Amino acid sequence: MTMSENIKTVKNATCTFCGCVCDDMVLTVDLDEKRITKAKNACVLGRAWFAEHTIGDWPVAMIDGKEVSKEEAIEEAAQTLVKAKFPIIYGLSDTTCEAQRQAVAITDIIKGTIDTTTSVCHGPSGLAFQGVGESTMSLGEVKNRADLVIYWGGNPAASHPRHFTRYTVTPKGMFIPNGKKDRTVVLVDVRKTPSVPVADIFIQLKPGKDFEVLWALRALVKGKKIDASIEEETGVSLATLEDLVDKMKNCRYGVLFFGMGLTMTRGRHFNSGALMALTTDLNEFTHFVAKPVRGHGNVTGADNVVSWQTGYPFGVNFNRGYPRFNPGEFTTVDTLSRGDADAAMFIASDPASNFPKAAIEHMKKIPVISLDTKQTETSKLAHVAFATSTYGINTGGTVYRMDDLPITMRPAFDSPYPDDEEILTAIKKRVQELVWAKQGIKAAVGEARVA
Amino acid sequence: MAETMILVPGRTSKQGTSLNKGKLKQEYLSVTSTLEMNSDDMQRLGLEEGDSVRLSNDIGETIVSCKGRKPEDLPSGMLFIPYGPPSSQLMASDTAGTGMPLSKLIEVLVEKVA
C-alpha cells in the first residue's frame, strides 16, 4: 500500500478499547485512506483497535437485511419502540456519554427499561457498593502512593495491558520513587494467568472459594483465630493468609483491584462485598482502597450517566413514569430469558454473541434495533440495523476512565457514517412526537410543556 | 470416555485483537472455539492437540477444538476458553435476582468427538 501525503498527527488522543482509557496516544492518520497507520504508546489491544477501525462497506441502515435510507430506519425504530409494551434499551458501554444521555431520554419517553453491559460485568459490585460502601481513589493516586497492589480474580495482562505499566506496578510516583522496586504486587486467581509473572506473590485458590478466603482474611485482620483446615477448604494455607494480612496491615497505601472472577461466579455481589468490607476493615490500620477493573471503554460512563439521570446505575425501569431499580427484574438477561421484553434496542454491544442461550433465543422472536460500528451476531438478527462511526476515532465527546475520571476525546478522521448520538437524538425526537400524538398532544404544546 | 470439568470463560489478548477485526470473521470464531485443557487430562481422555471435544451440560452443548496447557499452568479438571458464542451455549440464564448469569466456573461434561 502506498502512503498518501495527506498525513496528520493527533497528539494526546484517547484509546477507548478498554477501561484504562489511555489518553496519551500519538496517532498517525492517513486522511486520504481514512485510516490510522500508527498508534504510538498503544498496547496490543489498542493497536488493533486503531488499525482495524477503518471505514466499512456496509449500508448505514438496514431493515430486515435490506438497505434503506437513514430516515426510513429512524422512523421504523421509533414506531417499533413506541408500539412495544415492555421495550428494553441495552448496551452503551462503547459509546459516548452524550449518546448514553439520549438513550436514557428515549427510555423515559417510551416508559421502557434501560440497562447497560454493567449488569453482566461489575453489576454485582454495584450492588455491593450500595450495601457496604466504597473506599475509592483515582489511578493517579495509586501511581503516586500505592506500595501494596493486589489483583483479585482478574487478568490485566490480557484485558488491560497498560494497567501495570501506566498506573499500578512499574511507574515511578511521588512517594514511589523506584517504581516496581517500591511496591509489592500480589495476584489471586484460580489459574496461572499471563498476569502472574508481574506479581511478587501468586496465591492460587480453589475455584469458587473467593468468599471463604476473603472472609478468613477479614477475621485475621480483626485478630480472630482461623483453623489450619482453611487450606483443605480453599487451597490456600493459613501461613499464606497470615503473611498477606501482615503485608496488608503494614503497608502505607494498599489497593485491591478486582475482576470478574468475583462477580461472574457463585456468590457474585457477596464476593465483591466481602472484598470491599475487607478494604474498609483495613482502614483501621492503614490507608486501603478498592476498585473494580472495568472492561469496555466507556462502561464507567454508562454507570455515571444512568446514575446521574435516573438515580440508579443499571437495570432501571420507567413503566410507572418514574425510575425504579431492580436487578433480576429489569436487567437484560432476565427480561430476555423470561420472555418479558417485546422489543429491544442494543447500542454498541453484542448480546447475541455473549448472552445465555435462552436470552439469545428470545432476541430472535422480537423486533431488535441495533447500533454498532461493525457487523455482529446482534446486527445480523436485528430488524433495524444502523452502522455508526467509532467513538474516539471518528467522534469526539466524553468518556469515563475506570476510576470515574471524565476524559474528552480527540477524534482522528471523519467518517461517512453517523455517530450514535445523532441516530439516538433523531429517534428520541420521533418517539416523542409519536407518544404526544397518542396522547392527543400537539407537538408545539408538548414542547412548551417540556420547556 | 467423558468427564465432568469446570469451564472458565475469560478474556485473552488474541480475543481482544481479533474482535477488532470483526466478530463474524474467521479469526475471532476460531479464537473463541479453542479450549485450553490440562495436558495430563487430555492424555487421559485420549485427546491430541487440535482434536474436537464436545462440551455439554443441562443448558446446551458446543463443539470446540482443544489445546494443551502445562499442568502447572492449568489445574487438572479446569478448562479455559475465550468468551464468545460457543461459551454462551453453556451459560444458564438464571441470575438469582442480580442480573448476572453465572458466566465462569461452569460445570460441563467433556468428551472426545469421534
# chains A, B, ... in the order shown; residues from 1 in each chain; ligands from 1

$ closest_atom_pairs --of "chain B" --to "chain A" --cutoff "8 Å" --atoms "only C-alpha atoms" --output "Markdown table"
| residue | atom | partner | partner_atom | distance |
| --- | --- | --- | --- | --- |
| B:Arg11 | CA | A:Ser159 | CA | 6.1 |
| B:Thr12 | CA | A:Ala158 | CA | 4.9 |
| B:Ser13 | CA | A:Ala158 | CA | 4.7 |
| B:Gly16 | CA | A:Leu45 | CA | 6.0 |
| B:Thr17 | CA | A:Ala48 | CA | 5.3 |
| B:Ser18 | CA | A:Ala48 | CA | 7.9 |
| B:Asn20 | CA | A:Trp49 | CA | 5.6 |
| B:Lys21 | CA | A:Glu52 | CA | 5.5 |
| B:Gly22 | CA | A:Lys374 | CA | 6.6 |
| B:Lys23 | CA | A:Thr376 | CA | 5.7 |
| B:Leu24 | CA | A:Thr376 | CA | 6.1 |
| B:Ile59 | CA | A:Lys357 | CA | 7.8 |
| B:Gly60 | CA | A:Lys357 | CA | 7.9 |
| B:Glu72 | CA | A:Lys192 | CA | 7.8 |
| B:Asp73 | CA | A:Lys192 | CA | 5.0 |
| B:Leu74 | CA | A:Arg191 | CA | 5.7 |
| B:Pro75 | CA | A:Arg191 | CA | 6.9 |
| B:Tyr83 | CA | A:Asn354 | CA | 7.3 |
| B:Gly84 | CA | A:Asn354 | CA | 5.7 |
| B:Pro85 | CA | A:Ser353 | CA | 4.9 |
| B:Ser87 | CA | A:Asn354 | CA | 8.0 |
| B:Ser88 | CA | A:Pro356 | CA | 5.1 |
| B:Gln89 | CA | A:Lys357 | CA | 5.3 |
| B:Leu90 | CA | A:Pro356 | CA | 7.3 |
| B:Met91 | CA | A:Pro356 | CA | 5.0 |
| B:Ala92 | CA | A:Pro356 | CA | 6.0 |
| B:Ser93 | CA | A:Pro356 | CA | 5.4 |
| B:Asp94 | CA | A:Asp334 | CA | 7.2 |
| B:Thr95 | CA | A:Gly328 | CA | 6.3 |
| B:Ala96 | CA | A:Gly328 | CA | 6.8 |
| B:Gly97 | CA | A:Gly328 | CA | 3.7 |
| B:Thr98 | CA | A:Gly328 | CA | 4.7 |
| B:Gly99 | CA | A:Gly328 | CA | 4.6 |
| B:Met100 | CA | A:Val120 | CA | 4.9 |
| B:Pro101 | CA | A:Met264 | CA | 7.0 |
| B:Leu102 | CA | A:Met264 | CA | 5.3 |
| B:Ser103 | CA | A:Met264 | CA | 5.2 |
| B:Lys104 | CA | A:Thr265 | CA | 5.5 |
| B:Leu105 | CA | A:Thr265 | CA | 6.4 |

$ select_by_dssp --residues "segment 123-254 of chain A" --states "alpha helix (DSSP H)" --output "ChimeraX atom specification"
/A:123-132,139-145,156-159,210-221,230-234,238-250

$ residues_around --residues "Leu47 of chain B" --least-positions-apart "5" --cutoff "12 Å" --atoms "only C-alpha atoms" --output "PyMOL selection string"
chain B and resi 1-2+37-42+52-54+65-68+110-114

$ select_by_dssp --residues "segment 22-173 of chain A" --states "strand (DSSP E or B)" --output "ChimeraX atom specification"
/A:25-30,35-40,61-63,66-67,87-91,113-116,148-152,173

$ write_last_selection --atoms "N, CA, C and O atoms" --output "short mmCIF file (atom, residue, chain, number, x, y, z; two decimals), in the first residue's frame"
data_model
loop_
_atom_site.label_atom_id
_atom_site.label_comp_id
_atom_site.auth_asym_id
_atom_site.auth_seq_id
_atom_site.Cartn_x
_atom_site.Cartn_y
_atom_site.Cartn_z
N MET A 25 -2.17 8.73 23.49
CA MET A 25 -1.89 8.15 22.18
C MET A 25 -1.34 9.22 21.24
O MET A 25 -1.78 10.37 21.29
N VAL A 26 -0.39 8.83 20.38
CA VAL A 26 0.03 9.71 19.29
C VAL A 26 -0.33 8.97 18.01
O VAL A 26 0.28 7.95 17.68
N LEU A 27 -1.35 9.47 17.33
CA LEU A 27 -1.87 8.76 16.16
C LEU A 27 -1.35 9.39 14.87
O LEU A 27 -1.36 10.61 14.73
N THR A 28 -0.89 8.53 13.96
CA THR A 28 -0.56 8.98 12.61
C THR A 28 -1.74 8.59 11.74
O THR A 28 -2.12 7.42 11.70
N VAL A 29 -2.33 9.59 11.08
CA VAL A 29 -3.57 9.35 10.35
C VAL A 29 -3.36 9.64 8.87
O VAL A 29 -2.87 10.72 8.51
N ASP A 30 -3.70 8.67 8.03
CA ASP A 30 -3.70 8.87 6.58
C ASP A 30 -5.10 9.35 6.21
O ASP A 30 -6.05 8.57 6.20
N ARG A 35 -7.54 6.09 7.52
CA ARG A 35 -7.13 5.06 8.45
C ARG A 35 -5.97 5.53 9.32
O ARG A 35 -5.23 6.45 8.93
N ILE A 36 -5.84 4.89 10.46
CA ILE A 36 -4.74 5.22 11.36
C ILE A 36 -3.60 4.24 11.05
O ILE A 36 -3.78 3.02 11.11
N THR A 37 -2.46 4.80 10.70
CA THR A 37 -1.37 3.92 10.29
C THR A 37 -0.43 3.60 11.45
O THR A 37 0.31 2.63 11.41
N LYS A 38 -0.45 4.44 12.48
CA LYS A 38 0.41 4.16 13.63
C LYS A 38 -0.24 4.71 14.90
O LYS A 38 -0.82 5.80 14.88
N ALA A 39 -0.16 3.94 15.97
CA ALA A 39 -0.69 4.40 17.25
C ALA A 39 0.42 4.25 18.28
O ALA A 39 0.59 3.20 18.91
N LYS A 40 1.20 5.32 18.44
CA LYS A 40 2.32 5.29 19.39
C LYS A 40 1.76 5.27 20.82
O LYS A 40 0.78 5.94 21.10
N ALA A 61 -28.00 2.00 7.04
CA ALA A 61 -29.20 1.49 7.69
C ALA A 61 -29.79 0.33 6.90
O ALA A 61 -29.77 0.33 5.67
N MET A 62 -30.31 -0.65 7.64
CA MET A 62 -30.95 -1.80 7.01
C MET A 62 -32.22 -2.15 7.78
O MET A 62 -32.26 -2.03 9.01
N ILE A 63 -33.23 -2.59 7.05
CA ILE A 63 -34.42 -3.16 7.70
C ILE A 63 -34.55 -4.58 7.17
O ILE A 63 -34.59 -4.80 5.96
N LYS A 66 -32.26 -5.52 4.39
CA LYS A 66 -32.26 -4.77 3.12
C LYS A 66 -31.89 -3.31 3.38
O LYS A 66 -32.38 -2.71 4.33
N GLU A 67 -31.06 -2.76 2.49
CA GLU A 67 -30.63 -1.38 2.65
C GLU A 67 -31.80 -0.41 2.55
O GLU A 67 -32.64 -0.54 1.66
N PRO A 87 -40.44 -2.46 26.17
CA PRO A 87 -39.17 -2.39 25.41
C PRO A 87 -37.97 -2.23 26.34
O PRO A 87 -38.09 -1.63 27.41
N ILE A 88 -36.84 -2.78 25.91
CA ILE A 88 -35.61 -2.62 26.70
C ILE A 88 -34.51 -2.01 25.83
O ILE A 88 -34.38 -2.35 24.66
N ILE A 89 -33.78 -1.08 26.42
CA ILE A 89 -32.63 -0.48 25.74
C ILE A 89 -31.39 -0.91 26.52
O ILE A 89 -31.34 -0.78 27.75
N TYR A 90 -30.42 -1.47 25.79
CA TYR A 90 -29.28 -2.12 26.48
C TYR A 90 -27.97 -1.86 25.73
O TYR A 90 -27.95 -1.68 24.52
N GLY A 91 -26.88 -1.92 26.46
CA GLY A 91 -25.54 -1.84 25.86
C GLY A 91 -24.82 -0.63 26.42
O GLY A 91 -24.59 -0.54 27.64
N THR A 113 -37.35 0.18 29.72
CA THR A 113 -36.32 -0.24 30.66
C THR A 113 -34.97 0.07 30.05
O THR A 113 -34.77 -0.13 28.85
N ILE A 114 -34.04 0.58 30.86
CA ILE A 114 -32.68 0.80 30.37
C ILE A 114 -31.70 0.02 31.24
O ILE A 114 -31.82 -0.02 32.47
N ASP A 115 -30.76 -0.63 30.57
CA ASP A 115 -29.77 -1.44 31.26
C ASP A 115 -28.48 -1.34 30.45
O ASP A 115 -28.51 -1.08 29.26
N THR A 116 -27.36 -1.53 31.11
CA THR A 116 -26.09 -1.42 30.39
C THR A 116 -25.30 -2.72 30.57
O THR A 116 -25.68 -3.58 31.36
N LEU A 148 1.43 -1.44 48.08
CA LEU A 148 0.94 -2.83 48.03
C LEU A 148 -0.23 -2.87 47.04
O LEU A 148 -1.23 -2.19 47.23
N VAL A 149 -0.05 -3.64 45.97
CA VAL A 149 -1.06 -3.71 44.92
C VAL A 149 -1.52 -5.15 44.78
O VAL A 149 -0.71 -6.03 44.52
N ILE A 150 -2.81 -5.38 45.03
CA ILE A 150 -3.34 -6.75 44.96
C ILE A 150 -4.39 -6.83 43.85
O ILE A 150 -5.29 -5.99 43.78
N TYR A 151 -4.24 -7.81 42.98
CA TYR A 151 -5.24 -8.08 41.95
C TYR A 151 -5.96 -9.36 42.33
O TYR A 151 -5.33 -10.38 42.62
N TRP A 152 -7.29 -9.32 42.30
CA TRP A 152 -8.07 -10.49 42.71
C TRP A 152 -9.06 -10.87 41.60
O TRP A 152 -9.93 -10.07 41.25
N GLY A 173 6.36 7.05 41.13
CA GLY A 173 5.41 8.05 41.59
C GLY A 173 6.02 8.95 42.63
O GLY A 173 7.16 8.76 43.06
#

$ residues_around --residues "segment 69-86 of chain A" --least-positions-apart "5" --cutoff "10 Å" --atoms "only C-alpha atoms" --output "number ranges by chain"
A: 59-63, 106-107, 109-113, 317-319, 335, 340-345, 366-370, 383-387, 418, 423-435, 438

$ write_last_selection --atoms "N, CA and C atoms" --output "tab-separated table (two decimals), in the first residue's frame"
chain	number	residue	atom	x	y	z
A	59	PRO	N	-24.14	-0.88	4.55
A	59	PRO	CA	-25.06	0.27	4.50
A	59	PRO	C	-25.23	0.93	5.86
A	60	VAL	N	-25.54	2.24	5.83
A	60	VAL	CA	-25.79	2.99	7.06
A	60	VAL	C	-26.99	2.40	7.80
A	61	ALA	N	-28.00	2.00	7.04
A	61	ALA	CA	-29.20	1.49	7.69
A	61	ALA	C	-29.79	0.33	6.90
A	62	MET	N	-30.31	-0.65	7.64
A	62	MET	CA	-30.95	-1.80	7.01
A	62	MET	C	-32.22	-2.15	7.78
A	63	ILE	N	-33.23	-2.59	7.05
A	63	ILE	CA	-34.42	-3.16	7.70
A	63	ILE	C	-34.55	-4.58	7.17
A	106	ILE	N	-34.78	8.53	25.68
A	106	ILE	CA	-35.72	7.70	24.92
A	106	ILE	C	-36.47	6.75	25.87
A	107	THR	N	-35.72	6.12	26.76
A	107	THR	CA	-36.34	5.17	27.71
A	107	THR	C	-37.41	5.86	28.55
A	109	ILE	N	-39.16	8.54	27.74
A	109	ILE	CA	-40.32	8.89	26.90
A	109	ILE	C	-41.20	7.66	26.63
A	110	ILE	N	-40.58	6.53	26.32
A	110	ILE	CA	-41.37	5.33	25.97
A	110	ILE	C	-41.75	4.51	27.21
A	111	LYS	N	-41.39	5.00	28.38
A	111	LYS	CA	-41.66	4.27	29.64
A	111	LYS	C	-41.11	2.85	29.57
A	112	GLY	N	-39.89	2.73	29.11
A	112	GLY	CA	-39.26	1.43	28.94
A	112	GLY	C	-38.26	1.11	30.05
A	113	THR	N	-37.35	0.18	29.72
A	113	THR	CA	-36.32	-0.24	30.66
A	113	THR	C	-34.97	0.07	30.05
A	317	ASN	N	-36.21	0.86	35.29
A	317	ASN	CA	-37.47	0.77	34.55
A	317	ASN	C	-38.34	2.01	34.78
A	318	PHE	N	-38.97	2.48	33.68
A	318	PHE	CA	-39.79	3.70	33.74
A	318	PHE	C	-41.29	3.41	33.53
A	319	ASN	N	-41.71	2.14	33.63
A	319	ASN	CA	-43.12	1.79	33.35
A	319	ASN	C	-44.10	2.69	34.07
A	335	THR	N	-34.94	-10.03	31.52
A	335	THR	CA	-36.13	-9.66	30.73
A	335	THR	C	-36.17	-10.45	29.42
A	340	ASP	N	-40.00	-11.44	28.69
A	340	ASP	CA	-40.76	-10.23	29.02
A	340	ASP	C	-40.65	-9.14	27.95
A	341	ALA	N	-39.45	-8.89	27.49
A	341	ALA	CA	-39.24	-7.78	26.55
A	341	ALA	C	-39.90	-8.09	25.22
A	342	ASP	N	-40.67	-7.11	24.68
A	342	ASP	CA	-41.31	-7.34	23.38
A	342	ASP	C	-40.67	-6.49	22.28
A	343	ALA	N	-39.61	-5.77	22.62
A	343	ALA	CA	-38.76	-5.08	21.64
A	343	ALA	C	-37.48	-4.71	22.37
A	344	ALA	N	-36.38	-4.60	21.59
A	344	ALA	CA	-35.11	-4.26	22.24
A	344	ALA	C	-34.29	-3.37	21.31
A	345	MET	N	-33.58	-2.42	21.92
A	345	MET	CA	-32.61	-1.64	21.16
A	345	MET	C	-31.25	-1.86	21.81
A	366	ILE	N	-38.29	-11.23	18.79
A	366	ILE	CA	-38.82	-9.86	18.97
A	366	ILE	C	-38.10	-8.90	18.03
A	367	PRO	N	-38.73	-7.75	17.72
A	367	PRO	CA	-38.01	-6.79	16.88
A	367	PRO	C	-36.83	-6.17	17.63
A	368	VAL	N	-35.65	-6.29	17.02
A	368	VAL	CA	-34.42	-5.75	17.62
A	368	VAL	C	-33.91	-4.60	16.76
A	369	ILE	N	-33.48	-3.54	17.42
A	369	ILE	CA	-32.84	-2.41	16.74
A	369	ILE	C	-31.38	-2.43	17.19
A	370	SER	N	-30.45	-2.34	16.26
A	370	SER	CA	-29.05	-2.36	16.69
A	370	SER	C	-28.27	-1.17	16.14
A	383	HIS	N	-33.95	-6.34	13.35
A	383	HIS	CA	-34.99	-5.88	12.42
A	383	HIS	C	-34.52	-4.56	11.78
A	384	VAL	N	-34.03	-3.64	12.61
A	384	VAL	CA	-33.46	-2.38	12.12
A	384	VAL	C	-32.00	-2.32	12.57
A	385	ALA	N	-31.08	-2.22	11.60
A	385	ALA	CA	-29.65	-2.17	11.96
A	385	ALA	C	-29.01	-0.89	11.44
A	386	PHE	N	-28.42	-0.12	12.36
A	386	PHE	CA	-27.68	1.09	11.97
A	386	PHE	C	-26.19	0.80	12.07
A	387	ALA	N	-25.43	1.26	11.05
A	387	ALA	CA	-23.97	1.23	11.16
A	387	ALA	C	-23.54	2.63	11.56
A	418	PRO	N	-23.02	8.09	10.45
A	418	PRO	CA	-23.44	8.97	11.55
A	418	PRO	C	-22.94	8.41	12.87
A	423	ILE	N	-28.04	9.40	15.67
A	423	ILE	CA	-29.16	8.46	15.43
A	423	ILE	C	-30.11	8.47	16.63
A	424	LEU	N	-29.56	8.42	17.83
A	424	LEU	CA	-30.42	8.35	19.03
A	424	LEU	C	-31.19	9.66	19.24
A	425	THR	N	-30.58	10.79	18.90
A	425	THR	CA	-31.29	12.07	19.03
A	425	THR	C	-32.48	12.10	18.06
A	426	ALA	N	-32.27	11.59	16.85
A	426	ALA	CA	-33.35	11.56	15.85
A	426	ALA	C	-34.47	10.61	16.30
A	427	ILE	N	-34.07	9.46	16.86
A	427	ILE	CA	-35.10	8.51	17.35
A	427	ILE	C	-35.87	9.15	18.52
A	428	LYS	N	-35.13	9.83	19.38
A	428	LYS	CA	-35.78	10.47	20.54
A	428	LYS	C	-36.84	11.48	20.07
A	429	LYS	N	-36.47	12.30	19.10
A	429	LYS	CA	-37.39	13.33	18.59
A	429	LYS	C	-38.66	12.66	18.04
A	430	ARG	N	-38.45	11.57	17.30
A	430	ARG	CA	-39.60	10.92	16.67
A	430	ARG	C	-40.47	10.18	17.70
A	431	VAL	N	-39.85	9.48	18.66
A	431	VAL	CA	-40.69	8.77	19.66
A	431	VAL	C	-41.48	9.80	20.48
A	432	GLN	N	-40.88	10.95	20.72
A	432	GLN	CA	-41.61	11.98	21.48
A	432	GLN	C	-42.85	12.43	20.70
A	433	GLU	N	-42.68	12.65	19.38
A	433	GLU	CA	-43.83	13.05	18.55
A	433	GLU	C	-44.91	11.98	18.57
A	434	LEU	N	-44.49	10.72	18.45
A	434	LEU	CA	-45.45	9.60	18.40
A	434	LEU	C	-46.20	9.46	19.73
A	435	VAL	N	-45.46	9.62	20.84
A	435	VAL	CA	-46.09	9.49	22.15
A	435	VAL	C	-47.07	10.65	22.38
A	438	LYS	N	-50.18	10.01	20.41
A	438	LYS	CA	-51.00	9.00	21.10
A	438	LYS	C	-51.83	9.66	22.20

$ closest_residue --among "B:Leu7, B:Lys14, B:Thr32, B:Lys70" --to "Pro82 of chain B" --atoms "only C-alpha atoms"
B:Thr32

$ residues_around --residues "Gly254 of chain A" --least-positions-apart "4" --cutoff "9 Å" --atoms "only C-alpha atoms" --output "list in words"
Val142, Arg145, Ala146, Asp147, Leu148, Val149, Ile150, Met248, Lys249, Thr279, Leu282, Thr286, His287, Phe288, Val289 and Ala290 of chain A

$ residues_around --residues "Gly273 of chain A" --least-positions-apart "3" --cutoff "8 Å" --atoms "only C-alpha atoms" --output "PyMOL selection string"
chain A and resi 125+128-129+131-132+269-270+276-277

$ residues_around --residues "Val221 of chain A" --least-positions-apart "4" --cutoff "9 Å" --atoms "only C-alpha atoms" --output "compact mmCIF listing (two decimals) with N, CA, C and O atoms, in the first residue's frame"
# COMPACT_ATOMS: atom_id res chain seq x y z
N ALA A 216 -12.01 -15.15 55.62
CA ALA A 216 -10.94 -15.58 56.54
C ALA A 216 -9.94 -14.43 56.75
O ALA A 216 -9.47 -14.18 57.86
N LEU A 217 -9.66 -13.70 55.64
CA LEU A 217 -8.74 -12.55 55.75
C LEU A 217 -9.34 -11.49 56.68
O LEU A 217 -8.64 -10.90 57.50
N GLU A 242 -1.85 -15.43 56.66
CA GLU A 242 -1.28 -14.61 57.74
C GLU A 242 -0.22 -13.65 57.20
O GLU A 242 -0.16 -12.48 57.58
N VAL A 245 -2.02 -10.84 55.36
CA VAL A 245 -2.63 -9.90 56.32
C VAL A 245 -1.55 -8.99 56.91
O VAL A 245 -1.75 -7.78 57.05
N ASP A 246 -0.40 -9.59 57.21
CA ASP A 246 0.71 -8.80 57.74
C ASP A 246 1.12 -7.71 56.74
O ASP A 246 1.31 -6.55 57.10
N MET A 248 -0.76 -6.46 54.37
CA MET A 248 -1.85 -5.50 54.19
C MET A 248 -1.90 -4.49 55.34
O MET A 248 -2.10 -3.30 55.13
N LYS A 249 -1.71 -4.98 56.55
CA LYS A 249 -1.81 -4.09 57.71
C LYS A 249 -0.62 -3.13 57.79
O LYS A 249 -0.72 -2.04 58.34
N LEU A 278 -13.50 -6.01 53.53
CA LEU A 278 -12.10 -6.20 53.95
C LEU A 278 -11.32 -4.89 53.81
O LEU A 278 -10.55 -4.51 54.70
N ASP A 281 -12.28 -2.62 56.60
CA ASP A 281 -11.64 -3.09 57.84
C ASP A 281 -10.19 -2.62 57.93
O ASP A 281 -9.71 -2.23 58.99
N LEU A 282 -9.48 -2.71 56.79
CA LEU A 282 -8.04 -2.39 56.80
C LEU A 282 -7.76 -0.92 57.08
O LEU A 282 -6.66 -0.56 57.48

$ atom_distance --atom1 "atom CA of Lys11 of chain A" --atom2 "atom CA of Ala348 of chain A"
25.8 Å

$ atom_distance --atom1 "atom CA of Gly235 of chain A" --atom2 "atom CA of Phe257 of chain A"
21.2 Å

$ closest_residue --among "B:Gln15, B:Thr4, B:Asn57, B:Thr34" --to "Phe80 of chain B" --atoms "only C-alpha atoms"
B:Thr34

$ atom_distance --atom1 "atom CA of Cys97 of chain A" --atom2 "atom CA of Val399 of chain A"
6.1 Å
